[in-house]
file my_file.cif (mmCIF, C-alpha atoms)
data_entry
loop_
_atom_site.label_atom_id
_atom_site.label_comp_id
_atom_site.auth_asym_id
_atom_site.auth_seq_id
_atom_site.Cartn_x
_atom_site.Cartn_y
_atom_site.Cartn_z
CA MET A 1 -26.62 39.73 6.60
CA LYS A 2 -25.39 43.14 7.74
CA THR A 3 -28.99 44.32 7.99
CA ILE A 4 -29.94 41.22 9.89
CA LYS A 5 -27.08 41.70 12.30
CA LEU A 6 -28.08 45.32 12.89
CA LEU A 7 -31.58 44.22 13.73
CA ALA A 8 -30.20 41.49 15.93
CA LEU A 9 -28.22 44.07 17.88
CA GLY A 10 -31.45 45.55 19.05
CA LEU A 11 -32.56 42.14 20.14
CA VAL A 12 -30.47 42.45 23.26
CA ALA A 13 -33.49 44.41 24.40
CA ALA A 14 -36.07 42.10 22.99
CA PHE A 15 -37.72 41.10 26.22
CA GLY A 16 -39.39 44.38 27.01
CA LEU A 17 -43.15 44.36 26.89
CA TYR A 18 -45.21 42.14 29.12
CA SER A 19 -47.82 40.31 27.02
CA CYS A 20 -51.52 40.87 27.48
CA GLY A 21 -53.85 38.48 29.19
CA LYS A 22 -51.53 37.31 31.98
CA ASP A 23 -52.96 37.05 35.45
CA LYS A 24 -50.73 38.76 38.01
CA ASP A 25 -51.37 36.01 40.54
CA ASP A 26 -50.15 33.43 38.03
CA VAL A 27 -46.88 35.30 37.67
CA LYS A 28 -46.38 35.65 41.42
CA GLU A 29 -47.02 31.94 41.88
CA ASN A 30 -43.84 31.15 39.96
CA ASP A 31 -41.60 33.79 41.54
CA GLY A 32 -38.18 32.47 42.51
CA LYS A 33 -38.16 29.46 40.20
CA VAL A 34 -35.47 29.35 37.51
CA TYR A 35 -36.22 27.64 34.19
CA LEU A 36 -33.55 26.20 31.91
CA VAL A 37 -33.58 27.50 28.35
CA LYS A 38 -33.85 24.56 25.96
CA SER A 39 -33.58 26.32 22.59
CA ILE A 40 -33.74 29.67 20.82
CA LYS A 41 -34.80 29.81 17.17
CA CYS A 42 -33.87 33.00 15.31
CA THR A 43 -35.88 33.71 12.16
CA GLY A 44 -33.61 36.57 11.06
CA ASP A 45 -30.80 34.27 9.91
CA ASP A 46 -32.69 30.97 10.25
CA SER A 47 -30.44 29.78 13.05
CA LYS A 48 -31.23 27.70 16.12
CA TYR A 49 -29.36 27.17 19.38
CA THR A 50 -30.15 24.07 21.45
CA PHE A 51 -28.86 23.58 25.01
CA THR A 52 -28.48 20.32 26.95
CA TYR A 53 -27.83 20.02 30.70
CA ASP A 54 -26.83 17.26 33.11
CA ASN A 55 -28.72 16.18 36.25
CA ASN A 56 -27.07 19.04 38.16
CA ASN A 57 -28.41 21.58 35.62
CA ARG A 58 -24.92 22.19 34.25
CA LEU A 59 -24.47 22.89 30.57
CA ILE A 60 -23.05 19.86 28.76
CA LYS A 61 -23.84 20.55 25.10
CA VAL A 62 -24.65 23.42 22.73
CA LEU A 63 -25.78 22.82 19.16
CA LYS A 64 -25.89 25.70 16.69
CA GLU A 65 -27.64 25.08 13.37
CA GLU A 66 -27.64 27.69 10.60
CA ASP A 67 -28.44 26.68 7.03
CA ASP A 68 -26.09 23.76 6.28
CA ASN A 69 -23.57 24.71 8.98
CA ILE A 70 -23.56 22.83 12.26
CA GLU A 71 -21.43 23.75 15.27
CA ASN A 72 -21.18 21.45 18.30
CA GLY A 73 -19.95 22.43 21.73
CA THR A 74 -19.46 19.99 24.61
CA TYR A 75 -18.64 20.61 28.28
CA SER A 76 -17.01 18.16 30.70
CA TYR A 77 -16.41 18.74 34.41
CA ASP A 78 -13.48 17.89 36.68
CA GLY A 79 -13.55 19.70 40.00
CA ASN A 80 -13.17 23.44 39.39
CA ASN A 81 -12.10 22.93 35.77
CA ILE A 82 -14.48 22.75 32.82
CA THR A 83 -13.26 21.62 29.40
CA GLU A 84 -15.19 23.09 26.48
CA LYS A 85 -14.66 21.75 22.93
CA TRP A 86 -16.13 22.92 19.62
CA THR A 87 -16.22 21.32 16.19
CA TYR A 88 -17.46 22.89 12.95
CA SER A 89 -18.90 21.70 9.66
CA ASP A 90 -17.93 24.88 7.77
CA GLU A 91 -14.78 24.18 5.78
CA ASP A 92 -13.85 27.87 5.73
CA GLN A 93 -13.46 28.06 9.50
CA PHE A 94 -10.84 26.61 11.78
CA LYS A 95 -12.24 23.23 12.70
CA HIS A 96 -11.53 23.02 16.40
CA LEU A 97 -11.77 25.36 19.35
CA SER A 98 -11.25 24.35 22.97
CA ARG A 99 -11.23 26.14 26.30
CA VAL A 100 -10.26 25.14 29.81
CA ILE A 101 -12.46 27.18 32.11
CA THR A 102 -11.42 27.56 35.75
CA MET A 103 -14.04 28.42 38.36
CA ASP A 104 -13.30 30.00 41.72
CA ALA A 105 -13.01 27.70 44.73
CA SER A 106 -16.69 28.03 45.62
CA ASN A 107 -17.81 27.35 42.01
CA GLU A 108 -19.78 30.59 41.94
CA PHE A 109 -18.20 32.26 38.92
CA ILE A 110 -15.46 31.88 36.36
CA SER A 111 -11.98 33.16 37.25
CA ASN A 112 -9.95 32.54 34.08
CA LEU A 113 -9.62 30.35 31.01
CA ILE A 114 -7.20 29.30 28.30
CA GLU A 115 -8.65 29.35 24.79
CA THR A 116 -6.99 27.15 22.16
CA HIS A 117 -7.58 27.54 18.42
CA THR A 118 -6.46 24.75 16.09
CA TYR A 119 -5.93 25.76 12.45
CA TYR A 120 -5.71 23.38 9.48
CA TYR A 121 -4.01 24.40 6.23
CA ASP A 122 -4.78 23.56 2.61
CA ASP A 123 -1.11 22.95 1.80
CA GLY A 124 -1.06 19.82 3.94
CA SER A 125 1.22 21.24 6.63
CA GLU A 126 0.74 20.22 10.24
CA PRO A 127 -2.14 21.91 12.08
CA ARG A 128 -1.09 24.60 14.52
CA GLU A 129 -2.47 25.54 17.91
CA TYR A 130 -2.63 29.05 19.34
CA ASN A 131 -3.39 29.67 23.00
CA TYR A 132 -5.06 32.79 24.36
CA PRO A 133 -5.39 33.43 28.11
CA VAL A 134 -8.48 35.27 29.34
CA SER A 135 -9.21 36.56 32.84
CA PHE A 136 -12.30 38.04 34.48
CA SER A 137 -13.24 40.62 37.09
CA PHE A 138 -16.32 40.59 39.31
CA ASN A 139 -17.79 43.16 41.67
CA SER A 140 -19.99 41.79 44.46
CA GLY A 141 -20.60 38.73 42.31
CA TYR A 142 -21.45 40.66 39.14
CA PHE A 143 -19.44 40.05 35.97
CA THR A 144 -17.78 43.39 35.14
CA LYS A 145 -14.78 42.77 32.90
CA GLU A 146 -13.25 40.26 30.50
CA ILE A 147 -9.55 40.79 29.82
CA GLU A 148 -7.52 39.27 26.98
CA GLU A 149 -4.49 40.12 24.91
CA ALA A 150 -6.51 41.98 22.26
CA GLY A 151 -8.20 44.21 24.82
CA GLU A 152 -11.00 44.11 27.35
CA GLU A 153 -14.77 44.28 27.54
CA THR A 154 -16.39 46.14 30.43
CA TYR A 155 -19.93 45.63 31.70
CA THR A 156 -21.86 47.83 34.11
CA TRP A 157 -24.76 46.85 36.36
CA ALA A 158 -27.63 48.81 37.90
CA ASN A 159 -30.44 47.39 40.01
CA GLY A 160 -29.29 43.87 39.22
CA ASN A 161 -29.27 44.33 35.44
CA VAL A 162 -26.39 44.56 32.99
CA THR A 163 -25.64 47.06 30.25
CA ALA A 164 -23.46 45.44 27.60
CA ASN A 165 -21.83 48.26 25.60
CA TYR A 166 -25.20 49.83 24.71
CA GLU A 167 -27.86 51.85 26.53
CA THR A 168 -30.48 49.40 27.79
CA SER A 169 -33.65 49.95 29.80
CA TYR A 170 -35.44 47.19 31.68
CA SER A 171 -39.03 46.28 32.43
CA ASN A 172 -40.41 45.10 35.75
CA VAL A 173 -40.90 41.57 34.43
CA GLN A 174 -38.68 39.01 36.14
CA ASN A 175 -36.08 37.02 34.22
CA LYS A 176 -36.99 33.51 35.33
CA THR A 177 -34.30 31.75 33.31
CA ASN A 178 -30.69 30.65 33.73
CA MET A 179 -29.57 32.93 30.88
CA ASP A 180 -28.70 36.61 30.62
CA PHE A 181 -30.39 37.66 27.40
CA VAL A 182 -28.46 40.88 26.92
CA LEU A 183 -25.18 38.99 27.12
CA PHE A 184 -26.51 36.26 24.83
CA TYR A 185 -27.36 38.63 22.00
CA GLU A 186 -24.42 40.96 22.46
CA THR A 187 -21.93 38.10 22.54
CA VAL A 188 -23.34 35.14 20.67
CA TYR A 189 -25.95 36.32 18.20
CA LEU A 190 -24.59 39.73 17.24
CA ARG A 191 -20.88 38.90 17.28
CA ASP A 192 -21.31 35.28 16.27
CA ASN A 193 -18.87 34.49 19.08
CA LEU A 194 -19.59 31.20 20.83
CA CYS A 195 -18.67 32.44 24.31
CA PHE A 196 -21.49 30.85 26.28
CA TYR A 197 -19.46 31.15 29.48
CA ARG A 198 -20.49 34.83 29.57
CA ILE A 199 -24.16 34.02 29.49
CA PHE A 200 -25.26 31.32 31.91
CA SER A 201 -25.64 31.71 35.66
CA GLN A 202 -23.47 28.65 36.29
CA PHE A 203 -20.44 30.59 34.97
CA ILE A 204 -21.07 34.19 36.07
CA LYS A 205 -23.30 33.55 39.12
CA ASN A 206 -25.61 36.53 38.51
CA VAL A 207 -27.66 37.18 35.40
CA SER A 208 -29.91 40.20 34.86
CA LYS A 209 -32.94 39.93 37.12
CA ASN A 210 -35.35 41.63 34.72
CA ILE A 211 -36.32 41.38 31.07
CA PRO A 212 -34.99 44.32 28.98
CA ALA A 213 -37.46 46.83 27.59
CA SER A 214 -35.57 48.86 24.97
CA GLN A 215 -32.13 49.66 23.67
CA SER A 216 -30.44 52.57 21.93
CA ILE A 217 -27.30 52.02 19.90
CA ASP A 218 -24.89 54.09 17.86
CA ASP A 219 -24.48 52.31 14.54
CA GLY A 220 -22.09 54.92 13.15
CA GLU A 221 -23.66 55.64 9.77
CA TYR A 222 -27.18 56.40 11.07
CA GLY A 223 -26.32 57.71 14.53
CA ILE A 224 -28.36 56.69 17.57
CA VAL A 225 -31.05 54.15 16.79
CA LYS A 226 -33.65 52.95 19.29
CA TYR A 227 -35.26 49.53 18.97
CA ASP A 228 -38.65 48.64 20.42
CA PHE A 229 -39.80 45.08 20.87
CA SER A 230 -42.92 43.08 21.53
CA THR A 231 -42.59 40.09 23.87
CA THR A 232 -45.07 37.30 24.48
CA LEU A 233 -44.84 35.47 27.81
CA ASP A 234 -46.06 31.93 28.33
CA GLU A 235 -48.25 30.75 31.19
CA LYS A 236 -45.21 30.62 33.50
CA GLY A 237 -44.12 34.18 32.78
CA ARG A 238 -41.21 33.23 30.50
CA PRO A 239 -40.51 34.79 27.08
CA SER A 240 -41.91 32.51 24.39
CA LYS A 241 -41.71 34.82 21.37
CA ILE A 242 -40.01 38.13 20.69
CA THR A 243 -40.91 40.20 17.65
CA VAL A 244 -38.54 42.93 16.46
CA ASP A 245 -40.27 45.88 14.82
CA GLU A 246 -43.04 43.49 13.70
CA GLU A 247 -40.58 41.67 11.46
CA GLU A 248 -37.98 39.39 13.03
CA CYS A 249 -38.91 36.78 15.63
CA PHE A 250 -37.07 34.80 18.26
CA ILE A 251 -38.83 31.71 19.59
CA PHE A 252 -37.95 30.10 22.93
CA GLU A 253 -38.36 26.64 24.42
CA TYR A 254 -37.72 25.56 28.02
CA TYR A 255 -37.17 22.47 30.13
CA ASP A 256 -40.18 22.45 32.46
#
call {"tool": "encode", "arguments": {"input": "my_file.cif", "output": "structure tokens"}}
result
Amino acid sequence: MKTIKLLALGLVAAFGLYSCGKDKDDVKENDGKVYLVKSIKCTGDDSKYTFTYDNNNRLIKVLKEEDDNIENGTYSYDGNNITEKWTYSDEDQFKHLSRVITMDASNEFISNLIETHTYYYDDGSEPREYNYPVSFSFNSGYFTKEIEEAGEETYTWANGNVTANYETSYSNVQNKTNMDFVLFYETVYLRDNLCFYRIFSQFIKNVSKNIPASQSIDDGEYGIVKYDFSTTLDEKGRPSKITVDEEECFIFEYYD
């Protein structure tokens, strides 16, 4: 799994190379349209993420399937507050996680949240809840910092694209989706942290405008490692398959 996770780290740059055989006019025809990501299947750990939206294109459900483990996340909306709840099938994990996400007055990006973990104990004692406040900073609408008790994560932007803790280069191919792929892999796939509020445009307003091309990371033991990726685009110019070093693949579906 450690090897898989290392490979997955490079996947934050998986959307680099524009596939052959695409007509430039076909790509231009779809400029400006945003497509909702329906699912991402990851062959490296045989996991799959499925996303469901309401009629206003707001996220209402996330399903993560990996082997026999199933994790369900639901989202309900009440004004500027969003309640997120997670349940797990893995007996070794805490069984419930909830967040109350507060958006700014104009509903353009998240301002803060309270994360609640509920732990159950084998000795039969009462479950306990622990609350963790989290706040966010934005610069000209771009998500730049997440602050919590344990520390903070800082993100930098250049030319409308984010660098999430690693050196990332971008292609000229447009990101036509509602998801920031760098943030998805850095947060969700690599860290196995179900923080989807960092990823979708409905929470952070801006996502990277281009598809990443490459990434260099410092993995400690081996020093700086650069990952190159091959990306296939579908007829609408969206990533349909990403191959990592001709080995690991990520397969995408969309709501047309």
call {"tool": "resolve_selection", "arguments": {"input": "my_file.cif", "expression": "the PyMOL selection byres ((chain A and resi 42) around 10)", "output": "PyMOL selection string"}}
result
chain A and resi 8+39-41+43-49+66+189+242+248-252
call {"tool": "closest_residue", "arguments": {"input": "my_file.cif", "among": "A:Glu153, A:Asp180, A:Asp78, A:Asp256", "to": "Asn107 (chain A)", "atoms": "all atoms listed in the file"}}
result
A:Asp78
call {"tool": "residues_around", "arguments": {"input": "my_file.cif", "residues": "Ser140 (chain A)", "least_positions_apart": "6", "cutoff": "12 Å", "atoms": "only C-alpha atoms", "output": "tab-separated table (two decimals) with C-alpha atoms, in the coordinates of the input"}}
result
chain	number	residue	atom	x	y	z
A	108	GLU	CA	-19.78	30.59	41.94
A	109	PHE	CA	-18.20	32.26	38.92
A	157	TRP	CA	-24.76	46.85	36.36
A	160	GLY	CA	-29.29	43.87	39.22
A	204	ILE	CA	-21.07	34.19	36.07
A	205	LYS	CA	-23.30	33.55	39.12
A	206	ASN	CA	-25.61	36.53	38.51
call {"tool": "atom_distance", "arguments": {"input": "my_file.cif", "atom1": "CA of Ile217 (chain A)", "atom2": "CA of Lys38 (chain A)"}}
result
28.9 Å
call {"tool": "atom_distance", "arguments": {"input": "my_file.cif", "atom1": "CA of Glu84 (chain A)", "atom2": "CA of Ile211 (chain A)"}}
result
28.3 Å
call {"tool": "build_atoms", "arguments": {"input": "my_file.cif", "residues": "region 241-252 of chain A", "atoms": "all heavy atoms", "output": "mmCIF file, in the frame of the given file"}}
result
data_model
loop_
_atom_site.group_PDB
_atom_site.id
_atom_site.type_symbol
_atom_site.label_atom_id
_atom_site.label_comp_id
_atom_site.auth_asym_id
_atom_site.auth_seq_id
_atom_site.Cartn_x
_atom_site.Cartn_y
_atom_site.Cartn_z
ATOM 1 N N LYS A 241 -41.908 34.269 22.710
ATOM 2 C CA LYS A 241 -41.710 34.820 21.370
ATOM 3 C C LYS A 241 -41.392 36.296 21.482
ATOM 4 O O LYS A 241 -42.032 37.021 22.237
ATOM 5 C CB LYS A 241 -42.947 34.609 20.506
ATOM 6 C CG LYS A 241 -42.813 35.126 19.091
ATOM 7 C CD LYS A 241 -44.098 34.866 18.309
ATOM 8 C CE LYS A 241 -44.008 35.397 16.887
ATOM 9 N NZ LYS A 241 -45.251 35.160 16.127
ATOM 10 N N ILE A 242 -40.395 36.725 20.742
ATOM 11 C CA ILE A 242 -40.010 38.130 20.690
ATOM 12 C C ILE A 242 -40.069 38.589 19.252
ATOM 13 O O ILE A 242 -39.478 37.960 18.383
ATOM 14 C CB ILE A 242 -38.605 38.366 21.266
ATOM 15 C CG1 ILE A 242 -38.535 37.933 22.726
ATOM 16 C CG2 ILE A 242 -38.228 39.833 21.138
ATOM 17 C CD1 ILE A 242 -37.922 36.588 22.893
ATOM 18 N N THR A 243 -40.796 39.654 18.998
ATOM 19 C CA THR A 243 -40.910 40.200 17.650
ATOM 20 C C THR A 243 -40.187 41.534 17.599
ATOM 21 O O THR A 243 -40.407 42.401 18.447
ATOM 22 C CB THR A 243 -42.373 40.380 17.243
ATOM 23 O OG1 THR A 243 -43.040 39.133 17.356
ATOM 24 C CG2 THR A 243 -42.476 40.887 15.815
ATOM 25 N N VAL A 244 -39.332 41.715 16.603
ATOM 26 C CA VAL A 244 -38.540 42.930 16.460
ATOM 27 C C VAL A 244 -39.157 43.804 15.366
ATOM 28 O O VAL A 244 -39.186 43.414 14.202
ATOM 29 C CB VAL A 244 -37.085 42.590 16.070
ATOM 30 C CG1 VAL A 244 -36.229 43.849 16.071
ATOM 31 C CG2 VAL A 244 -36.515 41.544 16.994
ATOM 32 N N ASP A 245 -39.666 44.965 15.783
ATOM 33 C CA ASP A 245 -40.270 45.880 14.820
ATOM 34 C C ASP A 245 -41.248 45.168 13.887
ATOM 35 O O ASP A 245 -41.324 45.453 12.687
ATOM 36 C CB ASP A 245 -39.183 46.585 13.987
ATOM 37 C CG ASP A 245 -38.347 47.515 14.840
ATOM 38 O OD1 ASP A 245 -38.842 47.943 15.899
ATOM 39 O OD2 ASP A 245 -37.206 47.802 14.458
ATOM 40 N N GLU A 246 -42.010 44.236 14.427
ATOM 41 C CA GLU A 246 -43.040 43.490 13.700
ATOM 42 C C GLU A 246 -42.469 42.700 12.523
ATOM 43 O O GLU A 246 -43.184 42.357 11.584
ATOM 44 C CB GLU A 246 -44.151 44.426 13.213
ATOM 45 C CG GLU A 246 -44.846 45.160 14.341
ATOM 46 C CD GLU A 246 -45.973 46.045 13.847
ATOM 47 O OE1 GLU A 246 -46.136 46.146 12.614
ATOM 48 O OE2 GLU A 246 -46.687 46.614 14.686
ATOM 49 N N GLU A 247 -41.203 42.385 12.571
ATOM 50 C CA GLU A 247 -40.580 41.670 11.460
ATOM 51 C C GLU A 247 -39.885 40.390 11.909
ATOM 52 O O GLU A 247 -40.293 39.293 11.568
ATOM 53 C CB GLU A 247 -39.580 42.577 10.734
ATOM 54 C CG GLU A 247 -40.231 43.761 10.049
ATOM 55 C CD GLU A 247 -39.219 44.632 9.335
ATOM 56 O OE1 GLU A 247 -38.022 44.282 9.365
ATOM 57 O OE2 GLU A 247 -39.618 45.655 8.767
ATOM 58 N N GLU A 248 -38.825 40.533 12.673
ATOM 59 C CA GLU A 248 -37.980 39.390 13.030
ATOM 60 C C GLU A 248 -38.424 38.784 14.348
ATOM 61 O O GLU A 248 -38.724 39.507 15.300
ATOM 62 C CB GLU A 248 -36.528 39.858 13.118
ATOM 63 C CG GLU A 248 -35.523 38.757 13.208
ATOM 64 C CD GLU A 248 -34.117 39.311 13.094
ATOM 65 O OE1 GLU A 248 -33.909 40.496 13.376
ATOM 66 O OE2 GLU A 248 -33.222 38.536 12.736
ATOM 67 N N CYS A 249 -38.444 37.463 14.433
ATOM 68 C CA CYS A 249 -38.910 36.780 15.630
ATOM 69 C C CYS A 249 -37.862 35.848 16.217
ATOM 70 O O CYS A 249 -37.097 35.229 15.484
ATOM 71 C CB CYS A 249 -40.172 35.962 15.317
ATOM 72 S SG CYS A 249 -41.616 36.945 14.889
ATOM 73 N N PHE A 250 -37.877 35.771 17.539
ATOM 74 C CA PHE A 250 -37.070 34.800 18.260
ATOM 75 C C PHE A 250 -38.042 33.941 19.076
ATOM 76 O O PHE A 250 -38.879 34.466 19.801
ATOM 77 C CB PHE A 250 -36.065 35.485 19.187
ATOM 78 C CG PHE A 250 -34.856 36.013 18.486
ATOM 79 C CD1 PHE A 250 -34.966 36.792 17.349
ATOM 80 C CD2 PHE A 250 -33.586 35.734 18.957
ATOM 81 C CE1 PHE A 250 -33.859 37.282 16.692
ATOM 82 C CE2 PHE A 250 -32.462 36.219 18.314
ATOM 83 C CZ PHE A 250 -32.593 36.993 17.174
ATOM 84 N N ILE A 251 -37.904 32.635 18.964
ATOM 85 C CA ILE A 251 -38.830 31.710 19.590
ATOM 86 C C ILE A 251 -38.077 30.865 20.606
ATOM 87 O O ILE A 251 -37.025 30.300 20.296
ATOM 88 C CB ILE A 251 -39.506 30.817 18.531
ATOM 89 C CG1 ILE A 251 -40.257 31.692 17.523
ATOM 90 C CG2 ILE A 251 -40.459 29.824 19.190
ATOM 91 C CD1 ILE A 251 -40.729 30.953 16.291
ATOM 92 N N PHE A 252 -38.642 30.751 21.828
ATOM 93 C CA PHE A 252 -37.950 30.100 22.930
ATOM 94 C C PHE A 252 -38.673 28.834 23.379
ATOM 95 O O PHE A 252 -39.904 28.770 23.407
ATOM 96 C CB PHE A 252 -37.861 31.064 24.130
ATOM 97 C CG PHE A 252 -37.010 32.256 23.865
ATOM 98 C CD1 PHE A 252 -37.513 33.331 23.144
ATOM 99 C CD2 PHE A 252 -35.708 32.316 24.323
ATOM 100 C CE1 PHE A 252 -36.729 34.441 22.883
ATOM 101 C CE2 PHE A 252 -34.919 33.421 24.071
ATOM 102 C CZ PHE A 252 -35.425 34.487 23.343
#
